[in-house]
file protein_30.pdb (PDB, C-alpha atoms, pLDDT in the B column)
ATOM      1  CA  MET H   1     -11.061  -8.446 -16.659  1.00 41.00           C
ATOM      2  CA  GLY H   2      -8.581  -6.071 -18.336  1.00 49.00           C
ATOM      3  CA  ASP H   3     -10.343  -2.939 -17.106  1.00 70.00           C
ATOM      4  CA  ARG H   4     -10.252  -3.885 -13.413  1.00 80.00           C
ATOM      5  CA  LYS H   5      -8.695  -1.089 -11.358  1.00 83.00           C
ATOM      6  CA  HIS H   6      -7.763  -2.992  -8.210  1.00 88.00           C
ATOM      7  CA  LEU H   7      -6.177  -6.196  -7.027  1.00 93.00           C
ATOM      8  CA  VAL H   8      -7.765  -8.581  -4.553  1.00 91.00           C
ATOM      9  CA  SER H   9      -5.972  -9.771  -1.406  1.00 90.00           C
ATOM     10  CA  ALA H  10      -4.989 -13.118  -2.949  1.00 94.00           C
ATOM     11  CA  GLU H  11      -3.312 -11.239  -5.813  1.00 96.00           C
ATOM     12  CA  ILE H  12      -1.411  -9.055  -3.338  1.00 96.00           C
ATOM     13  CA  ASP H  13      -0.137 -12.300  -1.752  1.00 96.00           C
ATOM     14  CA  LYS H  14       0.971 -13.494  -5.214  1.00 97.00           C
ATOM     15  CA  LEU H  15       2.806 -10.196  -5.827  1.00 96.00           C
ATOM     16  CA  MET H  16       4.578 -10.550  -2.477  1.00 96.00           C
ATOM     17  CA  GLU H  17       5.515 -14.127  -3.341  1.00 97.00           C
ATOM     18  CA  ALA H  18       6.765 -13.081  -6.812  1.00 97.00           C
ATOM     19  CA  ALA H  19       9.115 -10.542  -5.177  1.00 97.00           C
ATOM     20  CA  LYS H  20      10.813 -13.270  -3.102  1.00 96.00           C
ATOM     21  CA  GLY H  21      14.279 -14.069  -4.382  1.00 93.00           C
ATOM     22  CA  SER H  22      14.468 -10.980  -6.613  1.00 95.00           C
ATOM     23  CA  ARG H  23      17.461  -8.627  -6.485  1.00 95.00           C
ATOM     24  CA  ASN H  24      15.549  -6.122  -4.373  1.00 97.00           C
ATOM     25  CA  ALA H  25      13.320  -8.574  -2.521  1.00 97.00           C
ATOM     26  CA  ALA H  26      13.514  -6.925   0.932  1.00 98.00           C
ATOM     27  CA  ARG H  27      12.783  -3.445  -0.418  1.00 98.00           C
ATOM     28  CA  ASP H  28      10.094  -4.513  -2.835  1.00 98.00           C
ATOM     29  CA  ARG H  29       8.230  -6.768  -0.408  1.00 98.00           C
ATOM     30  CA  CYS H  30       8.208  -3.881   2.085  1.00 98.00           C
ATOM     31  CA  LEU H  31       7.070  -1.464  -0.652  1.00 98.00           C
ATOM     32  CA  LEU H  32       4.254  -3.759  -1.804  1.00 98.00           C
ATOM     33  CA  LEU H  33       2.953  -4.459   1.685  1.00 98.00           C
ATOM     34  CA  LEU H  34       3.052  -0.838   2.872  1.00 98.00           C
ATOM     35  CA  MET H  35       1.446   0.462  -0.336  1.00 98.00           C
ATOM     36  CA  PHE H  36      -1.361  -2.082   0.031  1.00 97.00           C
ATOM     37  CA  ARG H  37      -1.944  -1.906   3.790  1.00 97.00           C
ATOM     38  CA  HIS H  38      -1.805   1.883   3.971  1.00 97.00           C
ATOM     39  CA  GLY H  39      -3.301   2.731   0.592  1.00 96.00           C
ATOM     40  CA  LEU H  40      -0.199   4.662  -0.409  1.00 97.00           C
ATOM     41  CA  ARG H  41      -0.008   6.398  -3.755  1.00 95.00           C
ATOM     42  CA  VAL H  42       3.253   5.647  -5.569  1.00 96.00           C
ATOM     43  CA  SER H  43       4.487   9.211  -4.901  1.00 96.00           C
ATOM     44  CA  GLU H  44       3.649   8.877  -1.201  1.00 96.00           C
ATOM     45  CA  ALA H  45       5.584   5.600  -0.999  1.00 97.00           C
ATOM     46  CA  CYS H  46       8.574   6.966  -2.929  1.00 97.00           C
ATOM     47  CA  GLY H  47       8.528  10.141  -0.812  1.00 96.00           C
ATOM     48  CA  LEU H  48       8.403   8.257   2.496  1.00 97.00           C
ATOM     49  CA  GLN H  49      11.108   9.393   4.937  1.00 97.00           C
ATOM     50  CA  LEU H  50      12.737   7.355   7.707  1.00 98.00           C
ATOM     51  CA  SER H  51      11.146   9.671  10.311  1.00 97.00           C
ATOM     52  CA  GLN H  52       7.663   8.600   9.150  1.00 97.00           C
ATOM     53  CA  VAL H  53       8.271   4.937  10.031  1.00 98.00           C
ATOM     54  CA  ASP H  54       8.293   4.537  13.809  1.00 97.00           C
ATOM     55  CA  ILE H  55       9.128   0.943  14.703  1.00 97.00           C
ATOM     56  CA  GLU H  56       9.233   1.669  18.457  1.00 96.00           C
ATOM     57  CA  SER H  57       5.685   3.028  18.537  1.00 97.00           C
ATOM     58  CA  ARG H  58       4.575   0.675  15.752  1.00 97.00           C
ATOM     59  CA  VAL H  59       3.113   3.465  13.634  1.00 97.00           C
ATOM     60  CA  LEU H  60       3.435   4.873  10.134  1.00 97.00           C
ATOM     61  CA  HIS H  61       2.961   8.610   9.706  1.00 96.00           C
ATOM     62  CA  VAL H  62       1.265   8.899   6.333  1.00 95.00           C
ATOM     63  CA  ALA H  63       1.753  12.242   4.586  1.00 91.00           C
ATOM     64  CA  ARG H  64      -0.955  12.371   1.926  1.00 90.00           C
ATOM     65  CA  LEU H  65      -0.583  14.165  -1.357  1.00 87.00           C
ATOM     66  CA  LYS H  66      -3.363  15.769  -3.450  1.00 82.00           C
ATOM     67  CA  GLN H  67      -4.555  17.813  -0.432  1.00 80.00           C
ATOM     68  CA  GLY H  68      -5.326  14.560   1.347  1.00 80.00           C
ATOM     69  CA  LEU H  69      -5.625  14.362   5.118  1.00 84.00           C
ATOM     70  CA  SER H  70      -2.422  13.037   6.668  1.00 88.00           C
ATOM     71  CA  THR H  71      -2.892  10.344   9.303  1.00 92.00           C
ATOM     72  CA  THR H  72      -1.025   7.967  11.585  1.00 95.00           C
ATOM     73  CA  HIS H  73      -1.654   4.265  10.986  1.00 96.00           C
ATOM     74  CA  PRO H  74      -0.752   1.318  13.210  1.00 96.00           C
ATOM     75  CA  LEU H  75       1.891  -1.078  11.896  1.00 97.00           C
ATOM     76  CA  ARG H  76       1.133  -4.790  12.278  1.00 97.00           C
ATOM     77  CA  GLY H  77       3.538  -7.624  12.994  1.00 97.00           C
ATOM     78  CA  ASP H  78       4.011  -8.771   9.393  1.00 97.00           C
ATOM     79  CA  GLU H  79       4.628  -5.158   8.351  1.00 97.00           C
ATOM     80  CA  LEU H  80       7.223  -4.671  11.114  1.00 98.00           C
ATOM     81  CA  ARG H  81       8.994  -7.831   9.930  1.00 98.00           C
ATOM     82  CA  VAL H  82       9.320  -6.654   6.306  1.00 98.00           C
ATOM     83  CA  ILE H  83      10.265  -3.139   7.488  1.00 98.00           C
ATOM     84  CA  LYS H  84      13.043  -4.521   9.705  1.00 98.00           C
ATOM     85  CA  ALA H  85      14.286  -6.780   6.890  1.00 98.00           C
ATOM     86  CA  TRP H  86      14.397  -3.792   4.508  1.00 98.00           C
ATOM     87  CA  LEU H  87      16.007  -1.471   7.078  1.00 98.00           C
ATOM     88  CA  GLY H  88      18.757  -4.062   7.570  1.00 98.00           C
ATOM     89  CA  GLU H  89      19.476  -4.068   3.814  1.00 97.00           C
ATOM     90  CA  ARG H  90      19.136  -0.288   3.650  1.00 98.00           C
ATOM     91  CA  ALA H  91      21.684   0.231   6.458  1.00 97.00           C
ATOM     92  CA  ARG H  92      24.240  -1.885   4.567  1.00 97.00           C
ATOM     93  CA  MET H  93      23.858   0.487   1.590  1.00 97.00           C
ATOM     94  CA  LYS H  94      25.052   3.434   3.737  1.00 97.00           C
ATOM     95  CA  PRO H  95      22.858   5.961   1.922  1.00 97.00           C
ATOM     96  CA  GLU H  96      23.268   9.715   2.263  1.00 95.00           C
ATOM     97  CA  THR H  97      19.526  10.358   2.186  1.00 97.00           C
ATOM     98  CA  ASP H  98      16.675   9.996   4.678  1.00 97.00           C
ATOM     99  CA  ALA H  99      14.430   8.508   2.001  1.00 98.00           C
ATOM    100  CA  PHE H 100      12.912   5.281   3.325  1.00 98.00           C
ATOM    101  CA  PHE H 101      12.918   3.446  -0.032  1.00 98.00           C
ATOM    102  CA  LEU H 102      16.119   3.522  -2.069  1.00 98.00           C
ATOM    103  CA  SER H 103      17.177   2.594  -5.570  1.00 97.00           C
ATOM    104  CA  GLU H 104      20.194   0.331  -6.142  1.00 95.00           C
ATOM    105  CA  ARG H 105      22.150   3.572  -6.651  1.00 96.00           C
ATOM    106  CA  ARG H 106      21.311   4.569  -3.044  1.00 97.00           C
ATOM    107  CA  ARG H 107      19.059   7.435  -4.163  1.00 97.00           C
ATOM    108  CA  PRO H 108      15.374   7.881  -3.271  1.00 98.00           C
ATOM    109  CA  LEU H 109      13.295   5.304  -5.150  1.00 98.00           C
ATOM    110  CA  SER H 110      11.690   6.780  -8.268  1.00 97.00           C
ATOM    111  CA  ARG H 111       8.046   6.389  -9.241  1.00 97.00           C
ATOM    112  CA  LYS H 112       9.186   4.798 -12.500  1.00 97.00           C
ATOM    113  CA  THR H 113      11.230   2.110 -10.712  1.00 97.00           C
ATOM    114  CA  ALA H 114       8.337   1.334  -8.339  1.00 97.00           C
ATOM    115  CA  TRP H 115       5.915   1.175 -11.275  1.00 97.00           C
ATOM    116  CA  LEU H 116       8.197  -1.161 -13.223  1.00 97.00           C
ATOM    117  CA  ALA H 117       8.770  -3.443 -10.224  1.00 97.00           C
ATOM    118  CA  ILE H 118       5.031  -3.826  -9.593  1.00 97.00           C
ATOM    119  CA  ARG H 119       4.318  -4.533 -13.255  1.00 97.00           C
ATOM    120  CA  THR H 120       7.163  -7.078 -13.377  1.00 97.00           C
ATOM    121  CA  TYR H 121       5.968  -8.895 -10.229  1.00 98.00           C
ATOM    122  CA  GLY H 122       2.412  -8.901 -11.565  1.00 97.00           C
ATOM    123  CA  ALA H 123       3.575 -10.607 -14.756  1.00 97.00           C
ATOM    124  CA  ARG H 124       5.789 -13.036 -12.794  1.00 97.00           C
ATOM    125  CA  ALA H 125       2.823 -13.871 -10.539  1.00 97.00           C
ATOM    126  CA  GLY H 126       0.622 -14.552 -13.578  1.00 97.00           C
ATOM    127  CA  LEU H 127      -2.015 -12.009 -12.555  1.00 96.00           C
ATOM    128  CA  PRO H 128      -4.977 -11.712 -14.955  1.00 94.00           C
ATOM    129  CA  VAL H 129      -4.494  -7.916 -15.104  1.00 94.00           C
ATOM    130  CA  GLU H 130      -1.441  -5.744 -15.711  1.00 94.00           C
ATOM    131  CA  ALA H 131      -0.579  -4.596 -12.213  1.00 95.00           C
ATOM    132  CA  HIS H 132       0.297  -0.974 -11.494  1.00 95.00           C
ATOM    133  CA  PRO H 133       0.880   0.930  -8.239  1.00 95.00           C
ATOM    134  CA  HIS H 134      -2.541   2.570  -7.906  1.00 94.00           C
ATOM    135  CA  MET H 135      -4.148  -0.888  -7.917  1.00 95.00           C
ATOM    136  CA  LEU H 136      -2.597  -1.411  -4.471  1.00 96.00           C
ATOM    137  CA  ARG H 137      -4.315   1.730  -3.139  1.00 95.00           C
ATOM    138  CA  HIS H 138      -7.643   0.583  -4.562  1.00 93.00           C
ATOM    139  CA  ALA H 139      -7.018  -2.929  -3.195  1.00 95.00           C
ATOM    140  CA  CYS H 140      -6.653  -1.344   0.251  1.00 96.00           C
ATOM    141  CA  GLY H 141     -10.027   0.415  -0.021  1.00 94.00           C
ATOM    142  CA  PHE H 142     -11.827  -2.717  -1.187  1.00 92.00           C
ATOM    143  CA  ALA H 143     -10.119  -4.904   1.450  1.00 93.00           C
ATOM    144  CA  LEU H 144     -11.216  -2.492   4.194  1.00 93.00           C
ATOM    145  CA  ALA H 145     -14.772  -2.529   2.840  1.00 90.00           C
ATOM    146  CA  ASP H 146     -14.676  -6.352   2.771  1.00 88.00           C
ATOM    147  CA  GLN H 147     -13.733  -6.262   6.470  1.00 89.00           C
ATOM    148  CA  GLY H 148     -16.858  -4.228   7.154  1.00 86.00           C
ATOM    149  CA  ALA H 149     -15.208  -0.815   7.620  1.00 90.00           C
ATOM    150  CA  ASP H 150     -17.687   1.957   6.962  1.00 88.00           C
ATOM    151  CA  THR H 151     -17.228   4.563   4.265  1.00 91.00           C
ATOM    152  CA  ARG H 152     -16.195   7.334   6.688  1.00 92.00           C
ATOM    153  CA  LEU H 153     -13.477   5.206   8.265  1.00 93.00           C
ATOM    154  CA  ILE H 154     -12.110   4.213   4.847  1.00 93.00           C
ATOM    155  CA  GLN H 155     -12.255   7.879   3.814  1.00 93.00           C
ATOM    156  CA  ASP H 156     -10.125   8.873   6.812  1.00 93.00           C
ATOM    157  CA  TYR H 157      -7.721   5.952   6.363  1.00 94.00           C
ATOM    158  CA  LEU H 158      -7.081   6.778   2.705  1.00 94.00           C
ATOM    159  CA  GLY H 159      -6.964  10.518   3.393  1.00 91.00           C
ATOM    160  CA  HIS H 160      -9.770  11.412   0.993  1.00 89.00           C
ATOM    161  CA  ARG H 161     -11.113  14.935   1.515  1.00 86.00           C
ATOM    162  CA  ASN H 162     -14.205  14.146  -0.547  1.00 86.00           C
ATOM    163  CA  ILE H 163     -16.242  11.077   0.424  1.00 85.00           C
ATOM    164  CA  GLN H 164     -17.275  10.642  -3.226  1.00 87.00           C
ATOM    165  CA  HIS H 165     -13.786   9.259  -3.833  1.00 83.00           C
ATOM    166  CA  THR H 166     -14.394   6.621  -1.162  1.00 88.00           C
ATOM    167  CA  VAL H 167     -17.933   5.476  -1.987  1.00 88.00           C
ATOM    168  CA  MET H 168     -16.778   3.138  -4.783  1.00 85.00           C
ATOM    169  CA  TYR H 169     -15.195   0.813  -2.210  1.00 87.00           C
ATOM    170  CA  THR H 170     -18.366   0.255  -0.211  1.00 81.00           C
ATOM    171  CA  ALA H 171     -21.096   0.762  -2.847  1.00 81.00           C
ATOM    172  CA  THR H 172     -20.566  -2.611  -4.541  1.00 74.00           C
ATOM    173  CA  ASN H 173     -19.875  -4.566  -1.382  1.00 73.00           C
ATOM    174  CA  PRO H 174     -22.694  -6.972  -0.451  1.00 72.00           C
ATOM    175  CA  ALA H 175     -21.248  -7.381   3.062  1.00 69.00           C
ATOM    176  CA  ARG H 176     -22.546  -3.935   3.986  1.00 67.00           C
ATOM    177  CA  PHE H 177     -26.108  -5.290   3.768  1.00 71.00           C
ATOM    178  CA  ALA H 178     -25.409  -8.429   5.799  1.00 71.00           C
ATOM    179  CA  ARG H 179     -26.695  -7.047   9.117  1.00 69.00           C
ATOM    180  CA  LEU H 180     -29.870  -5.443   7.744  1.00 73.00           C
ATOM    181  CA  TRP H 181     -32.398  -8.307   8.100  1.00 77.00           C
ATOM    182  CA  HIS H 182     -31.353 -10.372  11.086  1.00 65.00           C
ATOM    183  CA  ALA H 183     -32.787 -13.893  11.131  1.00 58.00           C
ATOM    184  CA  ARG H 184     -35.936 -14.017  13.242  1.00 56.00           C
TER     185      ARG H 184
END
call {"tool": "encode", "arguments": {"input": "protein_30.pdb", "output": "structure tokens"}}
result
Amino acid sequence: MGDRKHLVSAEIDKLMEAAKGSRNAARDRCLLLLMFRHGLRVSEACGLQLSQVDIESRVLHVARLKQGLSTTHPLRGDELRVIKAWLGERARMKPETDAFFLSERRRPLSRKTAWLAIRTYGARAGLPVEAHPHMLRHACGFALADQGADTRLIQDYLGHRNIQHTVMYTATNPARFARLWHAR
């Protein structure tokens, strides 16, 4: 199991649960959920600006790195709840930056801090693998494939320019064959 490169949805739930009650619970629960649901790379999450999170329109403007295709994703109810909880905490910090995620020092959240938080919550949750940020992006791809999303849709959602980077999510998924031989 040690070489697994993604988390499954139940493990994401355990990470979210492990973040409850921590010093930065509101921020970290928001970080975990947005990274998973939107397949954010750690640099994309840490670079997120307030202007990219539109609560009114219920959308997240995802600016992809690595020449990825930037997209606009819908925000769901549970995401809006953790965003609002975090924005409440964030406002009390009175930061002088437009960075969406902040460190305790009121600066933009660093990749290292995000990495450490995810690893810590993974250990606290008793996950069978050592969790790291990119596992959340992969978890997103596999979760979308499990829901029956086709490779092209997942490619667009994750901002992959090359579909070869997306195929791994659907290639091993037995659900994609489910509709091939309808019962007669």
call {"tool": "resolve_selection", "arguments": {"input": "protein_30.pdb", "expression": "the PyMOL selection byres ((chain H and resi 119) around 12)", "output": "number ranges by chain"}}
result
H: 15, 18-19, 28, 32, 112-118, 120-136
call {"tool": "resolve_selection", "arguments": {"input": "protein_30.pdb", "expression": "the PyMOL selection byres ((chain H and resi 98) around 9)", "output": "MDAnalysis selection string"}}
result
chainID H and resid 48:51 95:97 99:101 108
call {"tool": "resolve_selection", "arguments": {"input": "protein_30.pdb", "expression": "the PyMOL selection byres ((chain H and resi 158-173) around 10)", "output": "PyMOL selection string"}}
result
chain H and resi 38-41+62-71+137-146+148-157+174-178
call {"tool": "closest_residue", "arguments": {"input": "protein_30.pdb", "among": "H:Val82, H:Asp13, H:Ser43, H:Leu34", "to": "Leu60 (chain H)", "atoms": "only C-alpha atoms"}}
result
H:Leu34
call {"tool": "closest_residue", "arguments": {"input": "protein_30.pdb", "among": "H:Val8, H:Ile55, H:Leu75, H:Ala85", "to": "Cys30 (chain H)", "atoms": "only C-alpha atoms"}}
result
H:Ala85
call {"tool": "closest_residue", "arguments": {"input": "protein_30.pdb", "among": "H:Gln52, H:Arg105, H:Ile83, H:Gln147", "to": "Arg27 (chain H)", "atoms": "only C-alpha atoms"}}
result
H:Ile83
call {"tool": "atom_distance", "arguments": {"input": "protein_30.pdb", "atom1": "CA of Ala26 (chain H)", "atom2": "CA of Arg106 (chain H)"}}
result
14.4 Å
call {"tool": "atom_distance", "arguments": {"input": "protein_30.pdb", "atom1": "CA of Lys84 (chain H)", "atom2": "CA of Ser57 (chain H)"}}
result
13.8 Å
call {"tool": "atom_distance", "arguments": {"input": "protein_30.pdb", "atom1": "CA of Leu102 (chain H)", "atom2": "CA of Cys46 (chain H)"}}
result
8.3 Å
call {"tool": "closest_residue", "arguments": {"input": "protein_30.pdb", "among": "H:Leu33, H:Arg92, H:Arg107, H:Ala45", "to": "Asp78 (chain H)", "atoms": "only C-alpha atoms"}}
result
H:Leu33
call {"tool": "residues_around", "arguments": {"input": "protein_30.pdb", "residues": "Arg58 (chain H)", "least_positions_apart": "2", "cutoff": "9 Å", "atoms": "all atoms listed in the file", "output": "list of chain:residue names"}}
result
H:Val53, H:Asp54, H:Ile55, H:Glu56, H:Leu60, H:His73, H:Pro74, H:Leu75, H:Arg76, H:Gly77, H:Leu80
call {"tool": "decode", "arguments": {"input": "protein_30.pdb", "residues": "region 102-161 of chain H", "atoms": "C-alpha atoms", "output": "tab-separated table (two decimals), in the first residue's frame"}}
result
chain	number	residue	atom	x	y	z
H	102	LEU	CA	-2.98	32.51	5.37
H	103	SER	CA	-0.37	31.32	7.82
H	104	GLU	CA	-0.70	32.11	11.53
H	105	ARG	CA	1.64	35.04	10.81
H	106	ARG	CA	-1.00	36.48	8.43
H	107	ARG	CA	1.17	35.85	5.36
H	108	PRO	CA	0.21	33.75	2.32
H	109	LEU	CA	0.22	30.07	3.27
H	110	SER	CA	3.44	28.34	2.20
H	111	ARG	CA	3.63	25.04	0.35
H	112	LYS	CA	5.71	23.66	3.22
H	113	THR	CA	3.04	24.51	5.82
H	114	ALA	CA	0.29	22.97	3.66
H	115	TRP	CA	2.41	19.86	3.10
H	116	LEU	CA	3.12	19.48	6.81
H	117	ALA	CA	-0.53	19.97	7.78
H	118	ILE	CA	-1.71	17.29	5.34
H	119	ARG	CA	0.95	14.84	6.51
H	120	THR	CA	0.07	15.54	10.16
H	121	TYR	CA	-3.68	15.04	9.59
H	122	GLY	CA	-2.97	11.85	7.65
H	123	ALA	CA	-1.01	10.45	10.59
H	124	ARG	CA	-3.67	11.63	13.08
H	125	ALA	CA	-6.36	9.97	10.95
H	126	GLY	CA	-4.40	6.70	10.91
H	127	LEU	CA	-4.26	6.53	7.12
H	128	PRO	CA	-2.42	3.48	5.71
H	129	VAL	CA	-0.27	5.78	3.52
H	130	GLU	CA	1.73	8.91	4.28
H	131	ALA	CA	-0.54	11.64	2.96
H	132	HIS	CA	0.82	14.49	0.87
H	133	PRO	CA	-0.88	17.31	-1.06
H	134	HIS	CA	-0.72	15.79	-4.55
H	135	MET	CA	-2.69	12.78	-3.28
H	136	LEU	CA	-5.70	15.11	-3.00
H	137	ARG	CA	-5.40	16.06	-6.69
H	138	HIS	CA	-5.18	12.40	-7.67
H	139	ALA	CA	-8.08	11.59	-5.33
H	140	CYS	CA	-10.14	14.16	-7.25
H	141	GLY	CA	-9.40	12.48	-10.60
H	142	PHE	CA	-10.24	9.01	-9.31
H	143	ALA	CA	-13.41	10.23	-7.54
H	144	LEU	CA	-14.62	11.86	-10.77
H	145	ALA	CA	-13.91	8.65	-12.68
H	146	ASP	CA	-15.81	6.67	-10.02
H	147	GLN	CA	-18.79	8.98	-10.63
H	148	GLY	CA	-18.69	8.04	-14.30
H	149	ALA	CA	-17.12	11.25	-15.65
H	150	ASP	CA	-15.42	10.61	-18.96
H	151	THR	CA	-11.73	11.18	-19.56
H	152	ARG	CA	-12.23	14.42	-21.51
H	153	LEU	CA	-14.35	15.97	-18.77
H	154	ILE	CA	-11.81	15.01	-16.10
H	155	GLN	CA	-9.05	16.40	-18.34
H	156	ASP	CA	-10.83	19.76	-18.55
H	157	TYR	CA	-11.68	19.80	-14.83
H	158	LEU	CA	-8.07	19.16	-13.80
H	159	GLY	CA	-6.71	21.51	-16.46
H	160	HIS	CA	-4.54	18.89	-18.17
H	161	ARG	CA	-3.32	19.98	-21.60
